[in-house]
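Here the structure comes first, spelled out in structure tokens, and everything after it is commentary.
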Amino acid sequence: PAWESPDVPDNTYRDGRIATQAIAELQRLAKGDKPFFLAAGFMKPHLPFNAPKKYWDLYDPAAFTLADNPFAPKGAPREAGTHWGELRAYADIPREGPMPDDLARKLIHGYYACISYTDAQIGRVLDALEQHGLQENTVVVLWGDHGWKLGEHGMWCKHTNFELDTHVPLLLRAPGMGAGQRTAALTELVDIYPTLCDLCGLEKPAHLQGASAVPLLKNPDRPWKRAAFSQYPRGSRMGYSMRTDTHRYTE
């Protein structure tokens, strides 16, 4: 099945156990006097949408609305879209054709429940960071590897160069930098590596393609990149996408 909502503790699922392990690692690292790098990779909201019942209960199923653009972008070639085969491999999902409305609402509910579940695990790790006195000299970055369509363009999942698939969360907290700031500047995941180098006083390798976002932390409204780039293949063809502050162009 593409989802489930049993009444179980957080650690029943993998993300709860990942958070527990990350907390144990922070406790161990706090006892040392050397710099450290800790990566904690959470699975949700990846399919299947499995999360403890209490996270499903945070939402009213009747409050969810369906995508208001269940059609392909105007002029988009057939190769730009996807058959969302990843989701169709699960039970109770139609193998062909559109998604029934009641099933769409159930999947949207599951997606939100999984986000809240993972959000709680991230909170546990950040609480541990503070409890061990590490928050004042530790850089924290939270990001996702891709976006997800919930019926937009008549599609589900990812696997395209559309805005929803390539737009990801990126939050960065650095000691000594302003907190709670937002920027409309274009940033890319390849920027994380050089940003961490600058914040940690490390020499940047020559091969890096990204740009350090430290200047944006100091001044979120400053002039910045004119475009951000992404790519995703369709069979033997590669799709390339360029995002500016006003448009996305894909070929």
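Just remember, in the structure tokens the first chain shown is A, the second B, etc., residues are 1-based per chain, and ligands are 1-based in the order shown.
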Residues of region 96-118 of chain A that have any atom at most 8 Å from an atom of region 149-158 of chain A: could you tabulate them with the shortest-distance atom pair and the distance in Å to one decimal, using only C-alpha atoms, ordered by chain and increasing number, as JSON lines?
{"residue": "A:Pro98", "atom": "CA", "partner": "A:Gly154", "partner_atom": "CA", "distance": 7.1}
{"residue": "A:Met99", "atom": "CA", "partner": "A:Gly151", "partner_atom": "CA", "distance": 7.9}
{"residue": "A:Ala104", "atom": "CA", "partner": "A:Gly151", "partner_atom": "CA", "distance": 7.4}
{"residue": "A:Leu107", "atom": "CA", "partner": "A:Leu150", "partner_atom": "CA", "distance": 8.0}
{"residue": "A:Ile108", "atom": "CA", "partner": "A:Leu150", "partner_atom": "CA", "distance": 6.6}
Determine which residues of region 28-244 of chain A receive a DSSP assignment of strand (DSSP E), computed from the backbone, and state them as an MDAnalysis selection string. chainID A and resid 49:50 140:143 149:150 156:157 170:173 228:234 237:243
Applying 8 Å and only C-alpha atoms, which residues near Asp198 (chain A) remain after dropping the ones on its own chain fewer than 4 positions away? List them as a short mmCIF file (atom, residue, chain, number, x, y, z; two decimals) with all heavy atoms, in the first residue's frame.
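Result written to out.cif:
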data_model
loop_
_atom_site.label_atom_id
_atom_site.label_comp_id
_atom_site.auth_asym_id
_atom_site.auth_seq_id
_atom_site.Cartn_x
_atom_site.Cartn_y
_atom_site.Cartn_z
N PRO A 194 30.43 24.89 -0.93
CA PRO A 194 31.30 26.06 -0.71
C PRO A 194 30.83 26.93 0.46
O PRO A 194 31.65 27.58 1.11
CB PRO A 194 31.22 26.82 -2.04
CG PRO A 194 29.98 26.32 -2.70
CD PRO A 194 29.82 24.91 -2.28
N LEU A 202 37.43 26.54 5.84
CA LEU A 202 38.13 25.52 5.08
C LEU A 202 38.40 26.00 3.65
O LEU A 202 37.59 26.72 3.06
CB LEU A 202 37.29 24.23 5.02
CG LEU A 202 36.91 23.62 6.37
CD1 LEU A 202 35.94 22.47 6.17
CD2 LEU A 202 38.16 23.16 7.11
N GLU A 203 39.49 25.55 3.10
CA GLU A 203 39.83 25.92 1.72
C GLU A 203 38.89 25.19 0.76
O GLU A 203 38.66 23.99 0.89
CB GLU A 203 41.27 25.55 1.42
CG GLU A 203 41.73 25.97 0.03
CD GLU A 203 43.19 25.63 -0.22
OE1 GLU A 203 43.87 25.23 0.76
OE2 GLU A 203 43.64 25.76 -1.38
N LYS A 204 38.36 25.92 -0.22
CA LYS A 204 37.42 25.33 -1.18
C LYS A 204 38.19 24.63 -2.30
O LYS A 204 39.09 25.23 -2.90
CB LYS A 204 36.51 26.40 -1.76
CG LYS A 204 35.53 26.99 -0.76
CD LYS A 204 34.46 27.83 -1.43
CE LYS A 204 35.01 29.15 -1.92
NZ LYS A 204 35.27 30.09 -0.80
N SER A 212 29.36 30.15 -2.75
CA SER A 212 29.09 30.27 -1.32
C SER A 212 27.97 31.26 -1.07
O SER A 212 27.95 32.37 -1.61
CB SER A 212 30.35 30.72 -0.58
OG SER A 212 30.04 31.04 0.76
N VAL A 214 27.34 32.62 1.82
CA VAL A 214 27.63 33.43 3.00
C VAL A 214 27.30 34.91 2.77
O VAL A 214 26.74 35.56 3.66
CB VAL A 214 29.10 33.25 3.43
CG1 VAL A 214 29.49 34.29 4.49
CG2 VAL A 214 29.31 31.84 3.98
#
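Compared by their closest atoms to Val190 (chain A), and using only C-alpha atoms, the residues A:Gly210, A:Pro215, A:Gly32, A:Gly81 rank with A:Gly210 nearest.
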Using only C-alpha atoms: which of A:Ile93, A:Ala113, A:Met238, A:Ala120 has the shortest distance to Ala2 (chain A): A:Ile93
Find the spatial neighbours of Trp56 (chain A), counting only C-alpha atoms, within a cut-off of 12 Å - ignore same-chain residues fewer than 2 positions away - and output them as an MDAnalysis selection string. chainID A and resid 3:8 49:54 58:61 106:117
Do you know which residues are at most 10 Å from Phe37 (chain A) counting only C-alpha atoms, after dropping those on the same chain fewer than 4 positions away, and could you put them as a short mmCIF file (atom, residue, chain, number, x, y, z; two decimals) with all heavy atoms, in the first residue's frame?
data_model
loop_
_atom_site.label_atom_id
_atom_site.label_comp_id
_atom_site.auth_asym_id
_atom_site.auth_seq_id
_atom_site.Cartn_x
_atom_site.Cartn_y
_atom_site.Cartn_z
N LEU A 29 29.87 13.07 20.31
CA LEU A 29 30.72 14.12 19.75
C LEU A 29 30.90 15.29 20.72
O LEU A 29 31.94 15.95 20.72
CB LEU A 29 30.11 14.62 18.43
CG LEU A 29 30.12 13.60 17.29
CD1 LEU A 29 29.20 14.04 16.16
CD2 LEU A 29 31.53 13.39 16.77
N THR A 138 27.94 25.48 15.92
CA THR A 138 27.62 24.45 14.93
C THR A 138 26.75 25.03 13.83
O THR A 138 25.72 25.68 14.11
CB THR A 138 26.87 23.27 15.59
OG1 THR A 138 27.68 22.74 16.65
CG2 THR A 138 26.59 22.18 14.57
N VAL A 139 27.15 24.82 12.59
CA VAL A 139 26.35 25.21 11.44
C VAL A 139 25.32 24.10 11.18
O VAL A 139 25.65 22.92 11.22
CB VAL A 139 27.24 25.40 10.19
CG1 VAL A 139 26.40 25.73 8.97
CG2 VAL A 139 28.28 26.48 10.45
#
All alpha helix (DSSP H) residues (DSSP, backbone) inside region 62-164 of chain A, as a tab-separated table (two decimals) with all heavy atoms, in the first residue's frame:
chain	number	residue	atom	x	y	z
A	85	GLY	N	5.20	6.43	-12.69
A	85	GLY	CA	5.28	4.99	-12.49
A	85	GLY	C	5.70	4.60	-11.08
A	85	GLY	O	5.35	3.51	-10.60
A	86	GLU	N	6.45	5.47	-10.41
A	86	GLU	CA	6.87	5.16	-9.04
A	86	GLU	C	5.66	4.93	-8.13
A	86	GLU	O	5.62	3.98	-7.34
A	86	GLU	CB	7.73	6.30	-8.49
A	86	GLU	CG	8.19	6.10	-7.05
A	86	GLU	CD	8.94	7.31	-6.50
A	86	GLU	OE1	8.98	8.37	-7.18
A	86	GLU	OE2	9.48	7.19	-5.39
A	87	LEU	N	4.65	5.79	-8.24
A	87	LEU	CA	3.46	5.66	-7.41
A	87	LEU	C	2.55	4.54	-7.90
A	87	LEU	O	1.94	3.83	-7.10
A	87	LEU	CB	2.70	6.99	-7.39
A	87	LEU	CG	1.40	7.02	-6.57
A	87	LEU	CD1	1.65	6.64	-5.12
A	87	LEU	CD2	0.76	8.41	-6.66
A	88	ARG	N	2.47	4.36	-9.21
A	88	ARG	CA	1.58	3.34	-9.76
A	88	ARG	C	2.01	1.92	-9.37
A	88	ARG	O	1.22	0.98	-9.48
A	88	ARG	CB	1.53	3.46	-11.29
A	88	ARG	CG	0.85	4.74	-11.79
A	88	ARG	CD	0.66	4.68	-13.30
A	88	ARG	NE	0.25	5.94	-13.89
A	88	ARG	CZ	-1.02	6.38	-13.96
A	88	ARG	NH1	-1.99	5.64	-13.44
A	88	ARG	NH2	-1.31	7.54	-14.53
A	101	ASP	N	-10.42	11.26	-7.21
A	101	ASP	CA	-10.36	12.38	-6.26
A	101	ASP	C	-10.21	11.91	-4.82
A	101	ASP	O	-9.43	12.48	-4.05
A	101	ASP	CB	-11.60	13.25	-6.39
A	101	ASP	CG	-11.59	14.08	-7.68
A	101	ASP	OD1	-10.57	14.06	-8.39
A	101	ASP	OD2	-12.61	14.75	-7.94
A	102	ASP	N	-10.98	10.87	-4.41
A	102	ASP	CA	-10.90	10.44	-3.03
A	102	ASP	C	-9.53	9.86	-2.69
A	102	ASP	O	-9.00	10.06	-1.59
A	102	ASP	CB	-12.00	9.42	-2.72
A	102	ASP	CG	-11.93	8.18	-3.61
A	102	ASP	OD1	-11.31	8.26	-4.69
A	102	ASP	OD2	-12.49	7.14	-3.22
A	103	LEU	N	-8.94	9.17	-3.66
A	103	LEU	CA	-7.61	8.63	-3.46
A	103	LEU	C	-6.56	9.74	-3.44
A	103	LEU	O	-5.59	9.69	-2.66
A	103	LEU	CB	-7.30	7.62	-4.57
A	103	LEU	CG	-6.03	6.79	-4.44
A	103	LEU	CD1	-5.98	6.07	-3.11
A	103	LEU	CD2	-5.96	5.78	-5.59
A	104	ALA	N	-6.76	10.76	-4.26
A	104	ALA	CA	-5.84	11.90	-4.27
A	104	ALA	C	-5.81	12.59	-2.91
A	104	ALA	O	-4.75	12.94	-2.39
A	104	ALA	CB	-6.24	12.89	-5.36
A	105	ARG	N	-6.97	12.79	-2.32
A	105	ARG	CA	-7.03	13.43	-0.99
A	105	ARG	C	-6.34	12.57	0.06
A	105	ARG	O	-5.69	13.09	0.97
A	105	ARG	CB	-8.48	13.70	-0.61
A	105	ARG	CG	-9.13	14.83	-1.40
A	105	ARG	CD	-10.48	15.22	-0.83
A	105	ARG	NE	-11.03	16.38	-1.52
A	105	ARG	CZ	-11.79	16.31	-2.60
A	105	ARG	NH1	-12.09	15.11	-3.11
A	105	ARG	NH2	-12.25	17.40	-3.16
A	106	LYS	N	-6.48	11.26	-0.04
A	106	LYS	CA	-5.83	10.37	0.91
A	106	LYS	C	-4.31	10.48	0.79
A	106	LYS	O	-3.59	10.53	1.80
A	106	LYS	CB	-6.26	8.93	0.63
A	106	LYS	CG	-5.79	7.92	1.68
A	106	LYS	CD	-6.56	8.09	2.99
A	106	LYS	CE	-6.22	6.99	3.98
A	106	LYS	NZ	-7.03	7.09	5.20
A	107	LEU	N	-3.81	10.55	-0.43
A	107	LEU	CA	-2.37	10.66	-0.64
A	107	LEU	C	-1.84	12.01	-0.16
A	107	LEU	O	-0.75	12.08	0.44
A	107	LEU	CB	-2.04	10.46	-2.12
A	107	LEU	CG	-2.23	9.03	-2.64
A	107	LEU	CD1	-2.16	9.02	-4.17
A	107	LEU	CD2	-1.20	8.09	-2.05
A	108	ILE	N	-2.59	13.07	-0.41
A	108	ILE	CA	-2.18	14.39	0.07
A	108	ILE	C	-2.13	14.39	1.60
A	108	ILE	O	-1.18	14.92	2.21
A	108	ILE	CB	-3.14	15.47	-0.45
A	108	ILE	CG1	-3.02	15.59	-1.98
A	108	ILE	CG2	-2.85	16.83	0.21
A	108	ILE	CD1	-4.09	16.48	-2.61
A	109	HIS	N	-3.12	13.78	2.22
A	109	HIS	CA	-3.14	13.65	3.68
A	109	HIS	C	-1.90	12.91	4.16
A	109	HIS	O	-1.23	13.33	5.12
A	109	HIS	CB	-4.41	12.91	4.09
A	109	HIS	CG	-4.68	12.92	5.56
A	109	HIS	ND1	-5.83	12.42	6.12
A	109	HIS	CD2	-3.92	13.35	6.62
A	109	HIS	CE1	-5.79	12.55	7.43
A	109	HIS	NE2	-4.63	13.11	7.77
A	110	GLY	N	-1.57	11.82	3.51
A	110	GLY	CA	-0.39	11.04	3.89
A	110	GLY	C	0.90	11.82	3.73
A	110	GLY	O	1.81	11.71	4.56
A	111	TYR	N	0.99	12.61	2.66
A	111	TYR	CA	2.18	13.42	2.42
A	111	TYR	C	2.37	14.42	3.57
A	111	TYR	O	3.48	14.59	4.09
A	111	TYR	CB	2.05	14.14	1.09
A	111	TYR	CG	3.29	14.84	0.61
A	111	TYR	CD1	4.31	14.13	-0.01
A	111	TYR	CD2	3.45	16.22	0.77
A	111	TYR	CE1	5.46	14.77	-0.46
A	111	TYR	CE2	4.60	16.87	0.32
A	111	TYR	CZ	5.59	16.14	-0.30
A	111	TYR	OH	6.72	16.78	-0.73
A	112	TYR	N	1.29	15.09	3.95
A	112	TYR	CA	1.36	16.05	5.04
A	112	TYR	C	1.72	15.37	6.36
A	112	TYR	O	2.50	15.90	7.16
A	112	TYR	CB	0.04	16.80	5.18
A	112	TYR	CG	-0.10	17.99	4.27
A	112	TYR	CD1	-0.09	17.85	2.89
A	112	TYR	CD2	-0.24	19.28	4.78
A	112	TYR	CE1	-0.22	18.94	2.05
A	112	TYR	CE2	-0.36	20.38	3.96
A	112	TYR	CZ	-0.35	20.20	2.58
A	112	TYR	OH	-0.46	21.29	1.76
A	113	ALA	N	1.13	14.20	6.62
A	113	ALA	CA	1.43	13.47	7.85
A	113	ALA	C	2.91	13.12	7.92
A	113	ALA	O	3.55	13.24	8.98
A	113	ALA	CB	0.58	12.21	7.92
A	114	CYS	N	3.48	12.69	6.80
A	114	CYS	CA	4.90	12.33	6.77
A	114	CYS	C	5.79	13.54	6.98
A	114	CYS	O	6.84	13.44	7.63
A	114	CYS	CB	5.23	11.63	5.45
A	114	CYS	SG	4.59	9.94	5.33
A	115	ILE	N	5.41	14.68	6.44
A	115	ILE	CA	6.19	15.90	6.66
A	115	ILE	C	6.20	16.24	8.15
A	115	ILE	O	7.25	16.57	8.72
A	115	ILE	CB	5.61	17.06	5.84
A	115	ILE	CG1	5.92	16.86	4.35
A	115	ILE	CG2	6.17	18.40	6.32
A	115	ILE	CD1	5.30	17.91	3.45
A	116	SER	N	5.04	16.15	8.79
A	116	SER	CA	4.98	16.47	10.22
A	116	SER	C	5.78	15.47	11.05
A	116	SER	O	6.40	15.83	12.05
A	116	SER	CB	3.51	16.50	10.68
A	116	SER	OG	2.84	17.60	10.10
A	117	TYR	N	5.74	14.21	10.64
A	117	TYR	CA	6.51	13.18	11.33
A	117	TYR	C	8.01	13.48	11.27
A	117	TYR	O	8.70	13.48	12.29
A	117	TYR	CB	6.19	11.82	10.71
A	117	TYR	CG	7.09	10.69	11.15
A	117	TYR	CD1	7.30	10.40	12.50
A	117	TYR	CD2	7.74	9.90	10.20
A	117	TYR	CE1	8.12	9.35	12.89
A	117	TYR	CE2	8.55	8.85	10.58
A	117	TYR	CZ	8.75	8.58	11.92
A	117	TYR	OH	9.57	7.55	12.29
A	118	THR	N	8.50	13.77	10.09
A	118	THR	CA	9.93	14.07	9.94
A	118	THR	C	10.28	15.39	10.62
A	118	THR	O	11.36	15.53	11.21
A	118	THR	CB	10.31	14.10	8.46
A	118	THR	OG1	10.11	12.81	7.89
A	118	THR	CG2	11.77	14.48	8.28
A	119	ASP	N	9.39	16.36	10.56
A	119	ASP	CA	9.61	17.63	11.24
A	119	ASP	C	9.84	17.40	12.73
A	119	ASP	O	10.72	18.03	13.35
A	119	ASP	CB	8.42	18.55	11.02
A	119	ASP	CG	8.63	19.93	11.58
A	119	ASP	OD1	9.61	20.60	11.19
A	119	ASP	OD2	7.83	20.36	12.43
A	120	ALA	N	9.08	16.49	13.32
A	120	ALA	CA	9.24	16.19	14.74
A	120	ALA	C	10.60	15.55	15.02
A	120	ALA	O	11.23	15.83	16.04
A	120	ALA	CB	8.12	15.26	15.20
A	121	GLN	N	11.07	14.71	14.10
A	121	GLN	CA	12.38	14.06	14.30
A	121	GLN	C	13.51	15.09	14.19
A	121	GLN	O	14.48	15.04	14.95
A	121	GLN	CB	12.58	12.94	13.28
A	121	GLN	CG	11.42	11.94	13.18
A	121	GLN	CD	10.86	11.54	14.53
A	121	GLN	OE1	11.59	11.13	15.44
A	121	GLN	NE2	9.54	11.66	14.67
A	122	ILE	N	13.38	16.01	13.26
A	122	ILE	CA	14.37	17.08	13.13
A	122	ILE	C	14.40	17.91	14.41
A	122	ILE	O	15.47	18.28	14.92
A	122	ILE	CB	14.05	17.97	11.92
A	122	ILE	CG1	14.22	17.17	10.62
A	122	ILE	CG2	14.94	19.22	11.90
A	122	ILE	CD1	13.67	17.86	9.40
A	123	GLY	N	13.22	18.17	14.97
A	123	GLY	CA	13.16	18.91	16.23
A	123	GLY	C	13.87	18.19	17.36
A	123	GLY	O	14.54	18.82	18.19
A	124	ARG	N	13.74	16.87	17.40
A	124	ARG	CA	14.45	16.10	18.43
A	124	ARG	C	15.96	16.28	18.31
A	124	ARG	O	16.66	16.46	19.32
A	124	ARG	CB	14.10	14.62	18.29
A	124	ARG	CG	12.66	14.25	18.66
A	124	ARG	CD	12.41	12.78	18.38
A	124	ARG	NE	13.35	11.94	19.12
A	124	ARG	CZ	13.69	10.69	18.75
A	124	ARG	NH1	13.20	10.17	17.63
A	124	ARG	NH2	14.55	10.00	19.49
A	125	VAL	N	16.47	16.24	17.08
A	125	VAL	CA	17.91	16.38	16.87
A	125	VAL	C	18.38	17.78	17.25
A	125	VAL	O	19.42	17.96	17.91
A	125	VAL	CB	18.28	16.06	15.40
A	125	VAL	CG1	19.76	16.32	15.15
A	125	VAL	CG2	17.93	14.61	15.07
A	126	LEU	N	17.61	18.81	16.86
A	126	LEU	CA	18.00	20.17	17.21
A	126	LEU	C	17.93	20.40	18.71
A	126	LEU	O	18.75	21.14	19.27
A	126	LEU	CB	17.09	21.16	16.46
A	126	LEU	CG	17.24	21.19	14.94
A	126	LEU	CD1	16.26	22.18	14.32
A	126	LEU	CD2	18.67	21.53	14.54
A	127	ASP	N	16.96	19.79	19.38
A	127	ASP	CA	16.91	19.90	20.85
A	127	ASP	C	18.17	19.30	21.48
A	127	ASP	O	18.73	19.86	22.44
A	127	ASP	CB	15.68	19.16	21.38
A	127	ASP	CG	14.39	19.94	21.15
A	127	ASP	OD1	14.48	21.13	20.81
A	127	ASP	OD2	13.30	19.34	21.30
A	128	ALA	N	18.61	18.16	20.94
A	128	ALA	CA	19.82	17.53	21.47
A	128	ALA	C	21.05	18.41	21.25
A	128	ALA	O	21.94	18.49	22.10
A	128	ALA	CB	20.02	16.16	20.82
A	129	LEU	N	21.10	19.07	20.09
A	129	LEU	CA	22.21	19.97	19.79
A	129	LEU	C	22.31	21.05	20.87
A	129	LEU	O	23.40	21.38	21.36
A	129	LEU	CB	22.00	20.60	18.41
A	129	LEU	CG	23.18	21.35	17.81
A	129	LEU	CD1	24.21	20.37	17.26
A	129	LEU	CD2	22.71	22.29	16.70
A	130	GLU	N	21.16	21.59	21.25
A	130	GLU	CA	21.13	22.64	22.27
A	130	GLU	C	21.43	22.07	23.66
A	130	GLU	O	22.16	22.70	24.46
A	130	GLU	CB	19.77	23.32	22.26
A	130	GLU	CG	19.66	24.51	23.19
A	130	GLU	CD	18.38	25.30	23.00
A	130	GLU	OE1	17.66	25.01	22.02
A	130	GLU	OE2	18.11	26.19	23.82
A	131	GLN	N	20.88	20.91	23.96
A	131	GLN	CA	21.09	20.31	25.28
A	131	GLN	C	22.55	20.03	25.56
A	131	GLN	O	23.00	20.09	26.70
A	131	GLN	CB	20.26	19.03	25.39
A	131	GLN	CG	18.76	19.27	25.48
A	131	GLN	CD	17.94	18.02	25.23
A	131	GLN	OE1	18.50	16.92	25.10
A	131	GLN	NE2	16.63	18.16	25.16
A	163	GLU	N	8.85	23.09	-12.09
A	163	GLU	CA	9.17	23.87	-10.90
A	163	GLU	C	8.97	23.07	-9.62
A	163	GLU	O	9.81	23.10	-8.71
A	163	GLU	CB	8.29	25.13	-10.87
A	163	GLU	CG	8.48	26.01	-9.66
A	163	GLU	CD	9.66	26.96	-9.80
A	163	GLU	OE1	10.38	26.89	-10.81
A	163	GLU	OE2	9.87	27.75	-8.87
A	164	LEU	N	7.87	22.35	-9.52
A	164	LEU	CA	7.57	21.62	-8.29
A	164	LEU	C	8.60	20.54	-7.99
A	164	LEU	O	8.83	20.20	-6.83
A	164	LEU	CB	6.19	21.00	-8.38
A	164	LEU	CG	5.02	21.95	-8.09
A	164	LEU	CD1	3.70	21.31	-8.49
A	164	LEU	CD2	5.01	22.34	-6.62
Can you tell me which residues surround Thr250 (chain A) at a distance of at most 8 Å, considering only C-alpha atoms, apart from same-chain residues fewer than 5 positions away, and format the answer as a list in words? Asn161, Gly239, Tyr240, Ser241 and Met242 of chain A
Which residues come within 12 Å of Ala179 (chain A), counting only C-alpha atoms, excluding same-chain residues fewer than 5 positions away, as a ChimeraX atom specification? /A:171-174,217-220
Go ahead and write the residues just picked, all heavy atoms, as a CSV table (one decimal), in the first residue's frame.
chain,number,residue,atom,x,y,z
A,171,LEU,N,17.3,25.5,4.4
A,171,LEU,CA,17.4,26.4,5.6
A,171,LEU,C,18.8,26.3,6.1
A,171,LEU,O,19.3,25.2,6.2
A,171,LEU,CB,16.4,26.0,6.6
A,171,LEU,CG,14.9,26.2,6.4
A,171,LEU,CD1,14.3,25.2,5.5
A,171,LEU,CD2,14.2,26.3,7.7
A,172,LEU,N,19.4,27.4,6.4
A,172,LEU,CA,20.8,27.4,6.9
A,172,LEU,C,20.9,28.3,8.1
A,172,LEU,O,20.5,29.4,8.1
A,172,LEU,CB,21.7,27.9,5.8
A,172,LEU,CG,23.2,27.6,5.9
A,172,LEU,CD1,23.8,27.6,4.5
A,172,LEU,CD2,23.9,28.6,6.8
A,173,ARG,N,21.4,27.7,9.2
A,173,ARG,CA,21.6,28.4,10.4
A,173,ARG,C,23.1,28.4,10.7
A,173,ARG,O,23.7,27.4,10.9
A,173,ARG,CB,20.8,27.8,11.5
A,173,ARG,CG,20.9,28.6,12.8
A,173,ARG,CD,21.9,28.0,13.8
A,173,ARG,NE,21.8,28.6,15.1
A,173,ARG,CZ,22.7,28.4,16.1
A,173,ARG,NH1,23.8,27.8,15.9
A,173,ARG,NH2,22.5,28.9,17.3
A,174,ALA,N,23.7,29.6,10.9
A,174,ALA,CA,25.1,29.7,11.2
A,174,ALA,C,25.3,30.7,12.4
A,174,ALA,O,24.8,31.8,12.4
A,174,ALA,CB,25.9,30.3,10.0
A,217,LEU,N,23.8,35.4,3.6
A,217,LEU,CA,23.5,35.4,5.1
A,217,LEU,C,23.7,36.8,5.7
A,217,LEU,O,23.1,37.2,6.6
A,217,LEU,CB,24.4,34.3,5.7
A,217,LEU,CG,24.1,32.9,5.4
A,217,LEU,CD1,25.1,32.0,6.1
A,217,LEU,CD2,22.7,32.4,5.7
A,218,LYS,N,24.7,37.5,5.1
A,218,LYS,CA,25.0,38.8,5.7
A,218,LYS,C,24.1,39.9,5.1
A,218,LYS,O,23.8,40.8,5.8
A,218,LYS,CB,26.5,39.2,5.3
A,218,LYS,CG,27.5,38.2,5.9
A,218,LYS,CD,28.9,38.6,5.5
A,218,LYS,CE,30.0,37.7,6.1
A,218,LYS,NZ,31.3,38.0,5.7
A,219,ASN,N,23.6,39.7,3.9
A,219,ASN,CA,22.7,40.6,3.3
A,219,ASN,C,21.8,39.9,2.3
A,219,ASN,O,22.1,39.7,1.1
A,219,ASN,CB,23.5,41.7,2.5
A,219,ASN,CG,22.6,42.7,1.8
A,219,ASN,OD1,21.4,42.7,2.1
A,219,ASN,ND2,23.2,43.6,1.0
A,220,PRO,N,20.6,39.4,2.8
A,220,PRO,CA,19.7,38.6,2.0
A,220,PRO,C,19.1,39.3,0.8
A,220,PRO,O,18.7,38.7,-0.2
A,220,PRO,CB,18.6,38.3,3.0
A,220,PRO,CG,19.1,38.5,4.3
A,220,PRO,CD,20.1,39.6,4.2
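Candidate residues A:Thr195, A:Tyr13, A:His132, A:Asn137 were compared for distance to Gln27 (chain A), and the nearest is A:His132, using only C-alpha atoms.
The closest residue to Ala30 (chain A), picked from A:Gly144, A:Pro205, A:Gly133, A:Gly180 and counting only C-alpha atoms, is A:Gly133.
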If I take CA of Gln21 (chain A) and CA of Pro48 (chain A), how far is one from the other in Å, to one decimal? 22.2 Å
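CA of Leu66 (chain A) is found 18.4 Å from CA of Phe162 (chain A).
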